[in-house]
Amino acid sequence: MAVALYRIDDRLIHGQVVISWGQFLGVRLVILVDDGVMEAQWEQDLYRTAMPPGMDVIFAGTEDACSKLPAWEADPRRAVVLTGDVPTMAELARHNPTLVKEVNLGGIHHRPGRTKRLPYLYLTEDELSQLQSLQKSGVRVVAQDVPSAGRKDLKALA
Amino acid sequence: MSSGVRGVIVCHAGLAASLVEAVNQISGLGDVLVPVSNEGCDRDLLRDRIAEALGPDPAVVFVDLPTGSCMMAALRELKGAHDASIVTGVNLPMLLEFVFHRDGTPDEAAGRARAAGTEAIRVS
């Protein structure tokens with residue numbers, strides 16, 4: 001399996017992803033699924049500059065990613081699939097139920113309407129409901145910002 | 001704050017504030033630097049914090065990691081019309097050089113800071 005981590009992180013590509021998880025999992029490819037970034041070439045250029053040597057990045061919109069996920073899973077490089085929000089990851093999982101077996105909640109920060117669940121995790125009731133639906137469909141949903149931190153199951157965060 | 005290029009430090013956790021405290025302890029000029037933490041921020045909120053710290057003046061932005069959220073947020077903010085330069089790998093020697101020599105353009109001040117920060121790294 002090429003995709004070692006399916007992660008939701010509203011900071012997108014940053015140190016925890018490319019350094020902490022990157023080293024821990026031996027990641028060689030980051031697949032950023034974000035419709036906004038997909039439309040902003042300048043932002044893609046910025047993220048490319050942030051990639052460490054030996055690590056590639058692919059940008060994709062949600063619809064495109066849903067269809068390409070099987071091919072990415074077959075890529076020999078160990079990969080992280082990264083989304084900036086819950087709905088995008090839920091869509092990926094809905095279209096690829098046999099591939100997305102676990103979702104990592106890595107960082108969803110405070111905004112109006114969200115409630116604090118962990119120092120790095122704030123969720124609206126709707127986001128929580130979407131994650132609970134994912135869990136009911138058989139996807140394990142776990143909060144863990146960095147590899148050395150404890151894993152917290154979604155049930156403990158409701 | 002005295003005149004010259006503004007200095008903004010953007011780092012993970014409490015590092016920026018600690019660097020400012022250390023600069024102030026050594027030089028008494030900590031007030032020319034504005035610390036920004038990424039603590040609790042998504043990328044939009046961090047960008048807002050950087051914009052507020054920058055203000056309208058020419059500036060040098062010091063960030064910790066070349067691949068981190070602080071760097072990305074600074075790059076996103078400076079994509080606009082700001083007259084500013086970014087220096088990665090911030091350390092105390094480069095900040096001390098900067099607070100004493102903030103004349104000229106942001107590029108010039110950033111170049112001097114980078115040289116001082118690099119020169120200070122030695123293995124004995």
# chains A, B, ... in the order shown; residues from 1 in each chain; ligands from 1
$ residues_around --residues "Gln130 (chain A)" --least-positions-apart "6" --cutoff "12 Å" --atoms "only C-alpha atoms" --output "PyMOL selection string"
chain A and resi 85-91+93-94+123-124+136-137+139+141+154+158
$ closest_atom_pairs --of "chain B" --to "chain A" --cutoff "7 Å" --atoms "only C-alpha atoms" --output "CSV"
residue,atom,partner,partner_atom,distance
B:Gly40,CA,A:His109,CA,6.1
B:Cys41,CA,A:His109,CA,6.0
B:Asp42,CA,A:Arg11,CA,5.4
B:Arg43,CA,A:Arg11,CA,5.1
B:Pro66,CA,A:Ala50,CA,6.5
B:Thr67,CA,A:Ala50,CA,4.4
B:Gly68,CA,A:His14,CA,4.3
B:Ser69,CA,A:His14,CA,4.8
$ write_last_selection --atoms "all heavy atoms" --output "short mmCIF file (atom, residue, chain, number, x, y, z; two decimals), in the first residue's frame"
data_model
loop_
_atom_site.label_atom_id
_atom_site.label_comp_id
_atom_site.auth_asym_id
_atom_site.auth_seq_id
_atom_site.Cartn_x
_atom_site.Cartn_y
_atom_site.Cartn_z
N GLY B 40 -2.09 27.49 17.70
CA GLY B 40 -3.55 27.56 17.58
C GLY B 40 -4.05 28.15 16.28
O GLY B 40 -5.24 28.48 16.17
N CYS B 41 -3.18 28.29 15.29
CA CYS B 41 -3.57 28.97 14.05
C CYS B 41 -3.78 27.98 12.90
O CYS B 41 -2.97 27.07 12.72
CB CYS B 41 -2.47 29.92 13.58
SG CYS B 41 -2.24 31.36 14.60
N ASP B 42 -4.82 28.19 12.13
CA ASP B 42 -4.82 27.60 10.79
C ASP B 42 -4.06 28.58 9.90
O ASP B 42 -3.57 29.61 10.36
CB ASP B 42 -6.24 27.31 10.30
CG ASP B 42 -7.07 28.56 10.08
OD1 ASP B 42 -6.52 29.69 10.13
OD2 ASP B 42 -8.28 28.43 9.85
N ARG B 43 -3.94 28.25 8.62
CA ARG B 43 -3.05 29.06 7.79
C ARG B 43 -3.58 30.47 7.57
O ARG B 43 -2.81 31.41 7.43
CB ARG B 43 -2.75 28.36 6.48
CG ARG B 43 -3.94 28.02 5.66
CD ARG B 43 -3.63 26.97 4.62
NE ARG B 43 -4.75 26.84 3.72
CZ ARG B 43 -4.69 27.01 2.41
NH1 ARG B 43 -3.54 27.33 1.85
NH2 ARG B 43 -5.74 26.87 1.66
N PRO B 66 12.48 26.31 7.00
CA PRO B 66 12.22 26.65 5.59
C PRO B 66 11.05 25.88 5.00
O PRO B 66 10.63 26.17 3.89
CB PRO B 66 13.53 26.28 4.89
CG PRO B 66 14.15 25.24 5.76
CD PRO B 66 13.73 25.55 7.17
N THR B 67 10.52 24.89 5.72
CA THR B 67 9.43 24.07 5.16
C THR B 67 8.18 24.10 6.02
O THR B 67 7.31 23.28 5.86
CB THR B 67 9.87 22.60 5.03
OG1 THR B 67 10.25 22.13 6.32
CG2 THR B 67 11.03 22.45 4.07
N GLY B 68 8.08 25.02 6.93
CA GLY B 68 6.99 24.97 7.90
C GLY B 68 5.83 25.89 7.59
O GLY B 68 5.83 26.65 6.63
N SER B 69 4.83 25.81 8.46
CA SER B 69 3.64 26.64 8.29
C SER B 69 3.97 28.12 8.42
O SER B 69 3.33 28.97 7.78
CB SER B 69 2.59 26.25 9.34
OG SER B 69 3.10 26.40 10.65
#
$ residues_around --residues "Met38 (chain A)" --least-positions-apart "6" --cutoff "7 Å" --atoms "only C-alpha atoms" --output "MDAnalysis selection string"
chainID A and resid 59:61
$ select_by_dssp --residues "chain A" --states "alpha helix (DSSP H)" --output "PyMOL selection string"
chain A and resi 15+22-25+35-38+41-49+62-73+86-95+125-136
$ residues_around --residues "Val81 (chain A)" --least-positions-apart "2" --cutoff "9 Å" --atoms "only C-alpha atoms" --output "list in words"
Val3, Ala4, Leu5, Tyr6, Arg7, Ile8, Leu29, Val30, Ile31, Leu32, Val33, Ala79 and Thr83 of chain A
$ closest_residue --among "B:Ala17, B:Val23, B:Val32, B:Ile121" --to "Ala59 (chain B)" --atoms "only C-alpha atoms"
B:Val32
$ atom_distance --atom1 "CA of Pro97 (chain A)" --atom2 "CA of Val80 (chain A)"
17.1 Å
$ closest_residue --among "B:Glu119, B:Asp83, B:Asp107, B:Glu21" --to "Pro56 (chain B)" --atoms "only C-alpha atoms"
B:Asp83
$ closest_residue --among "B:Phe100, B:Thr105, B:Pro58, B:Met71" --to "Asp31 (chain B)" --atoms "only C-alpha atoms"
B:Phe100
$ closest_residue --among "A:Gln23, A:Thr115, A:Gln132, A:Gln44" --to "Val146 (chain A)" --atoms "only C-alpha atoms"
A:Gln23
$ atom_distance --atom1 "CA of Trp21 (chain A)" --atom2 "CA of Ala13 (chain B)"
18.4 Å
$ atom_distance --atom1 "CA of Gly54 (chain A)" --atom2 "CA of Val27 (chain A)"
9.1 Å
$ closest_residue --among "B:Cys70, B:Ala113, B:Lys79, B:His12" --to "Leu46 (chain B)" --atoms "only C-alpha atoms"
B:Cys70
$ select_by_dssp --residues "region 11-140 of chain A" --states "strand (DSSP E)" --output "PDB file with N, CA, C and O atoms, in the first residue's frame"
ATOM      1  N   LEU A  29       6.126  11.074  -1.133  1.00  0.00           N
ATOM      2  CA  LEU A  29       5.127  11.758  -1.965  1.00  0.00           C
ATOM      3  C   LEU A  29       4.018  12.316  -1.077  1.00  0.00           C
ATOM      4  O   LEU A  29       3.472  11.594  -0.234  1.00  0.00           O
ATOM      5  N   VAL A  30       3.711  13.596  -1.273  1.00  0.00           N
ATOM      6  CA  VAL A  30       2.563  14.214  -0.611  1.00  0.00           C
ATOM      7  C   VAL A  30       1.530  14.553  -1.680  1.00  0.00           C
ATOM      8  O   VAL A  30       1.861  15.195  -2.685  1.00  0.00           O
ATOM      9  N   ILE A  31       0.308  14.083  -1.475  1.00  0.00           N
ATOM     10  CA  ILE A  31      -0.782  14.381  -2.406  1.00  0.00           C
ATOM     11  C   ILE A  31      -1.738  15.328  -1.697  1.00  0.00           C
ATOM     12  O   ILE A  31      -2.412  14.947  -0.738  1.00  0.00           O
ATOM     13  N   LEU A  32      -1.737  16.577  -2.139  1.00  0.00           N
ATOM     14  CA  LEU A  32      -2.565  17.595  -1.503  1.00  0.00           C
ATOM     15  C   LEU A  32      -3.867  17.738  -2.283  1.00  0.00           C
ATOM     16  O   LEU A  32      -3.870  18.161  -3.448  1.00  0.00           O
ATOM     17  N   VAL A  33      -4.961  17.382  -1.642  1.00  0.00           N
ATOM     18  CA  VAL A  33      -6.273  17.460  -2.287  1.00  0.00           C
ATOM     19  C   VAL A  33      -6.994  18.688  -1.742  1.00  0.00           C
ATOM     20  O   VAL A  33      -7.449  18.696  -0.590  1.00  0.00           O
ATOM     21  N   ASP A  56       8.245  14.435  -3.323  1.00  0.00           N
ATOM     22  CA  ASP A  56       7.473  15.077  -4.390  1.00  0.00           C
ATOM     23  C   ASP A  56       6.089  15.464  -3.890  1.00  0.00           C
ATOM     24  O   ASP A  56       5.616  14.948  -2.868  1.00  0.00           O
ATOM     25  N   VAL A  57       5.449  16.342  -4.644  1.00  0.00           N
ATOM     26  CA  VAL A  57       4.093  16.745  -4.291  1.00  0.00           C
ATOM     27  C   VAL A  57       3.205  16.703  -5.534  1.00  0.00           C
ATOM     28  O   VAL A  57       3.649  17.044  -6.633  1.00  0.00           O
ATOM     29  N   ILE A  58       1.980  16.237  -5.348  1.00  0.00           N
ATOM     30  CA  ILE A  58       0.959  16.259  -6.398  1.00  0.00           C
ATOM     31  C   ILE A  58      -0.216  17.070  -5.874  1.00  0.00           C
ATOM     32  O   ILE A  58      -0.628  16.895  -4.721  1.00  0.00           O
ATOM     33  N   PHE A  59      -0.750  17.955  -6.703  1.00  0.00           N
ATOM     34  CA  PHE A  59      -1.924  18.732  -6.335  1.00  0.00           C
ATOM     35  C   PHE A  59      -3.127  18.190  -7.095  1.00  0.00           C
ATOM     36  O   PHE A  59      -3.019  17.866  -8.287  1.00  0.00           O
ATOM     37  N   ALA A  60      -4.249  18.120  -6.417  1.00  0.00           N
ATOM     38  CA  ALA A  60      -5.441  17.598  -7.078  1.00  0.00           C
ATOM     39  C   ALA A  60      -6.686  18.246  -6.506  1.00  0.00           C
ATOM     40  O   ALA A  60      -6.726  18.610  -5.320  1.00  0.00           O
ATOM     41  N   ALA A  79       3.260   7.458   0.500  1.00  0.00           N
ATOM     42  CA  ALA A  79       2.603   8.749   0.307  1.00  0.00           C
ATOM     43  C   ALA A  79       1.739   9.143   1.499  1.00  0.00           C
ATOM     44  O   ALA A  79       1.291   8.310   2.285  1.00  0.00           O
ATOM     45  N   VAL A  80       1.525  10.455   1.610  1.00  0.00           N
ATOM     46  CA  VAL A  80       0.514  11.024   2.503  1.00  0.00           C
ATOM     47  C   VAL A  80      -0.526  11.699   1.629  1.00  0.00           C
ATOM     48  O   VAL A  80      -0.177  12.486   0.747  1.00  0.00           O
ATOM     49  N   VAL A  81      -1.795  11.377   1.860  1.00  0.00           N
ATOM     50  CA  VAL A  81      -2.886  12.117   1.218  1.00  0.00           C
ATOM     51  C   VAL A  81      -3.400  13.120   2.237  1.00  0.00           C
ATOM     52  O   VAL A  81      -3.794  12.755   3.344  1.00  0.00           O
ATOM     53  N   LEU A  82      -3.390  14.378   1.831  1.00  0.00           N
ATOM     54  CA  LEU A  82      -3.653  15.466   2.760  1.00  0.00           C
ATOM     55  C   LEU A  82      -4.843  16.289   2.285  1.00  0.00           C
ATOM     56  O   LEU A  82      -4.892  16.696   1.118  1.00  0.00           O
ATOM     57  N   THR A  83      -5.801  16.528   3.175  1.00  0.00           N
ATOM     58  CA  THR A  83      -6.886  17.471   2.861  1.00  0.00           C
ATOM     59  C   THR A  83      -6.920  18.543   3.951  1.00  0.00           C
ATOM     60  O   THR A  83      -6.483  18.306   5.079  1.00  0.00           O
ATOM     61  N   GLU A 102      -8.282   4.359   7.417  1.00  0.00           N
ATOM     62  CA  GLU A 102      -8.082   5.157   8.630  1.00  0.00           C
ATOM     63  C   GLU A 102      -7.837   6.608   8.238  1.00  0.00           C
ATOM     64  O   GLU A 102      -7.109   6.877   7.279  1.00  0.00           O
ATOM     65  N   VAL A 103      -8.436   7.523   8.992  1.00  0.00           N
ATOM     66  CA  VAL A 103      -8.233   8.956   8.768  1.00  0.00           C
ATOM     67  C   VAL A 103      -7.577   9.553  10.007  1.00  0.00           C
ATOM     68  O   VAL A 103      -8.036   9.336  11.133  1.00  0.00           O
ATOM     69  N   ASN A 104      -6.522  10.297   9.771  1.00  0.00           N
ATOM     70  CA  ASN A 104      -5.771  10.954  10.834  1.00  0.00           C
ATOM     71  C   ASN A 104      -6.238  12.416  10.951  1.00  0.00           C
ATOM     72  O   ASN A 104      -6.198  13.161   9.978  1.00  0.00           O
ATOM     73  N   LEU A 105      -6.691  12.791  12.144  1.00  0.00           N
ATOM     74  CA  LEU A 105      -7.047  14.195  12.400  1.00  0.00           C
ATOM     75  C   LEU A 105      -5.796  14.874  12.932  1.00  0.00           C
ATOM     76  O   LEU A 105      -5.412  14.701  14.092  1.00  0.00           O
ATOM     77  N   GLY A 106      -5.153  15.672  12.068  1.00  0.00           N
ATOM     78  CA  GLY A 106      -3.849  16.209  12.428  1.00  0.00           C
ATOM     79  C   GLY A 106      -3.865  17.643  12.896  1.00  0.00           C
ATOM     80  O   GLY A 106      -3.001  18.069  13.659  1.00  0.00           O
ATOM     81  N   GLY A 107      -4.856  18.402  12.443  1.00  0.00           N
ATOM     82  CA  GLY A 107      -4.921  19.794  12.851  1.00  0.00           C
ATOM     83  C   GLY A 107      -6.117  20.491  12.217  1.00  0.00           C
ATOM     84  O   GLY A 107      -6.151  20.688  11.012  1.00  0.00           O
ATOM     85  N   THR A 115     -15.890  23.770  18.409  1.00  0.00           N
ATOM     86  CA  THR A 115     -15.654  23.527  19.830  1.00  0.00           C
ATOM     87  C   THR A 115     -14.330  22.798  19.994  1.00  0.00           C
ATOM     88  O   THR A 115     -14.019  21.899  19.213  1.00  0.00           O
ATOM     89  N   LYS A 116     -13.592  23.172  21.031  1.00  0.00           N
ATOM     90  CA  LYS A 116     -12.283  22.555  21.267  1.00  0.00           C
ATOM     91  C   LYS A 116     -12.442  21.102  21.712  1.00  0.00           C
ATOM     92  O   LYS A 116     -13.183  20.814  22.649  1.00  0.00           O
ATOM     93  N   ARG A 117     -11.753  20.209  21.016  1.00  0.00           N
ATOM     94  CA  ARG A 117     -11.732  18.792  21.394  1.00  0.00           C
ATOM     95  C   ARG A 117     -10.350  18.419  21.930  1.00  0.00           C
ATOM     96  O   ARG A 117     -10.213  17.606  22.822  1.00  0.00           O
ATOM     97  N   LEU A 118      -9.321  18.990  21.316  1.00  0.00           N
ATOM     98  CA  LEU A 118      -7.934  18.832  21.721  1.00  0.00           C
ATOM     99  C   LEU A 118      -7.248  20.166  21.410  1.00  0.00           C
ATOM    100  O   LEU A 118      -7.798  20.978  20.654  1.00  0.00           O
ATOM    101  N   LEU A 121      -7.307  20.496  17.800  1.00  0.00           N
ATOM    102  CA  LEU A 121      -8.486  19.974  17.108  1.00  0.00           C
ATOM    103  C   LEU A 121      -9.763  20.644  17.598  1.00  0.00           C
ATOM    104  O   LEU A 121     -10.168  20.468  18.750  1.00  0.00           O
ATOM    105  N   TYR A 122     -10.377  21.403  16.712  1.00  0.00           N
ATOM    106  CA  TYR A 122     -11.656  22.043  16.977  1.00  0.00           C
ATOM    107  C   TYR A 122     -12.628  21.579  15.887  1.00  0.00           C
ATOM    108  O   TYR A 122     -12.258  21.529  14.714  1.00  0.00           O
ATOM    109  N   LEU A 123     -13.858  21.247  16.289  1.00  0.00           N
ATOM    110  CA  LEU A 123     -14.824  20.731  15.324  1.00  0.00           C
ATOM    111  C   LEU A 123     -16.184  21.377  15.519  1.00  0.00           C
ATOM    112  O   LEU A 123     -16.620  21.601  16.662  1.00  0.00           O
ATOM    113  N   ARG A 140     -11.627   3.969  10.460  1.00  0.00           N
ATOM    114  CA  ARG A 140     -11.171   4.357  11.786  1.00  0.00           C
ATOM    115  C   ARG A 140     -10.763   5.831  11.752  1.00  0.00           C
ATOM    116  O   ARG A 140     -10.017   6.238  10.847  1.00  0.00           O
TER     117      ARG A 140
END
$ closest_residue --among "A:Pro112, A:Pro70, A:Asp126, A:Glu39" --to "Leu99 (chain A)" --atoms "only C-alpha atoms"
A:Pro70
$ decode --residues "region 66-115 of chain B" --atoms "C-alpha atoms" --output "CSV table (one decimal), in the first residue's frame"
chain,number,residue,atom,x,y,z
B,66,PRO,CA,12.2,26.6,5.6
B,67,THR,CA,9.4,24.1,5.2
B,68,GLY,CA,7.0,25.0,7.9
B,69,SER,CA,3.6,26.6,8.3
B,70,CYS,CA,5.4,29.9,9.4
B,71,MET,CA,7.3,30.1,6.2
B,72,MET,CA,4.3,29.3,4.1
B,73,ALA,CA,2.1,31.8,5.8
B,74,ALA,CA,4.8,34.5,5.5
B,75,LEU,CA,5.2,33.7,1.8
B,76,ARG,CA,1.4,33.9,1.3
B,77,GLU,CA,1.2,37.3,3.0
B,78,LEU,CA,4.3,38.8,1.2
B,79,LYS,CA,2.9,37.8,-2.1
B,80,GLY,CA,1.1,41.1,-1.8
B,81,ALA,CA,2.7,44.5,-2.1
B,82,HIS,CA,4.8,44.4,1.1
B,83,ASP,CA,8.4,45.6,0.8
B,84,ALA,CA,9.8,42.7,2.8
B,85,SER,CA,12.4,39.9,2.7
B,86,ILE,CA,12.3,36.5,4.5
B,87,VAL,CA,15.2,34.9,6.3
B,88,THR,CA,14.8,31.2,7.3
B,89,GLY,CA,16.6,29.4,10.1
B,90,VAL,CA,16.4,32.3,12.5
B,91,ASN,CA,19.0,32.3,15.3
B,92,LEU,CA,20.1,34.7,17.9
B,93,PRO,CA,23.3,36.0,16.2
B,94,MET,CA,21.4,37.1,13.1
B,95,LEU,CA,18.8,38.9,15.2
B,96,LEU,CA,21.5,40.8,17.1
B,97,GLU,CA,23.1,41.9,13.8
B,98,PHE,CA,19.7,43.0,12.6
B,99,VAL,CA,18.6,45.1,15.6
B,100,PHE,CA,21.8,47.1,15.5
B,101,HIS,CA,21.8,47.5,11.7
B,102,ARG,CA,18.4,48.1,10.3
B,103,ASP,CA,19.3,50.8,7.8
B,104,GLY,CA,18.9,50.3,4.0
B,105,THR,CA,16.4,48.1,2.2
B,106,PRO,CA,14.9,44.9,3.6
B,107,ASP,CA,17.0,42.9,1.2
B,108,GLU,CA,20.2,44.6,2.5
B,109,ALA,CA,19.2,44.1,6.1
B,110,ALA,CA,18.3,40.5,5.4
B,111,GLY,CA,21.6,39.8,3.7
B,112,ARG,CA,23.6,41.1,6.6
B,113,ALA,CA,21.5,39.1,9.1
B,114,ARG,CA,21.9,35.9,7.0
B,115,ALA,CA,25.6,36.4,6.9
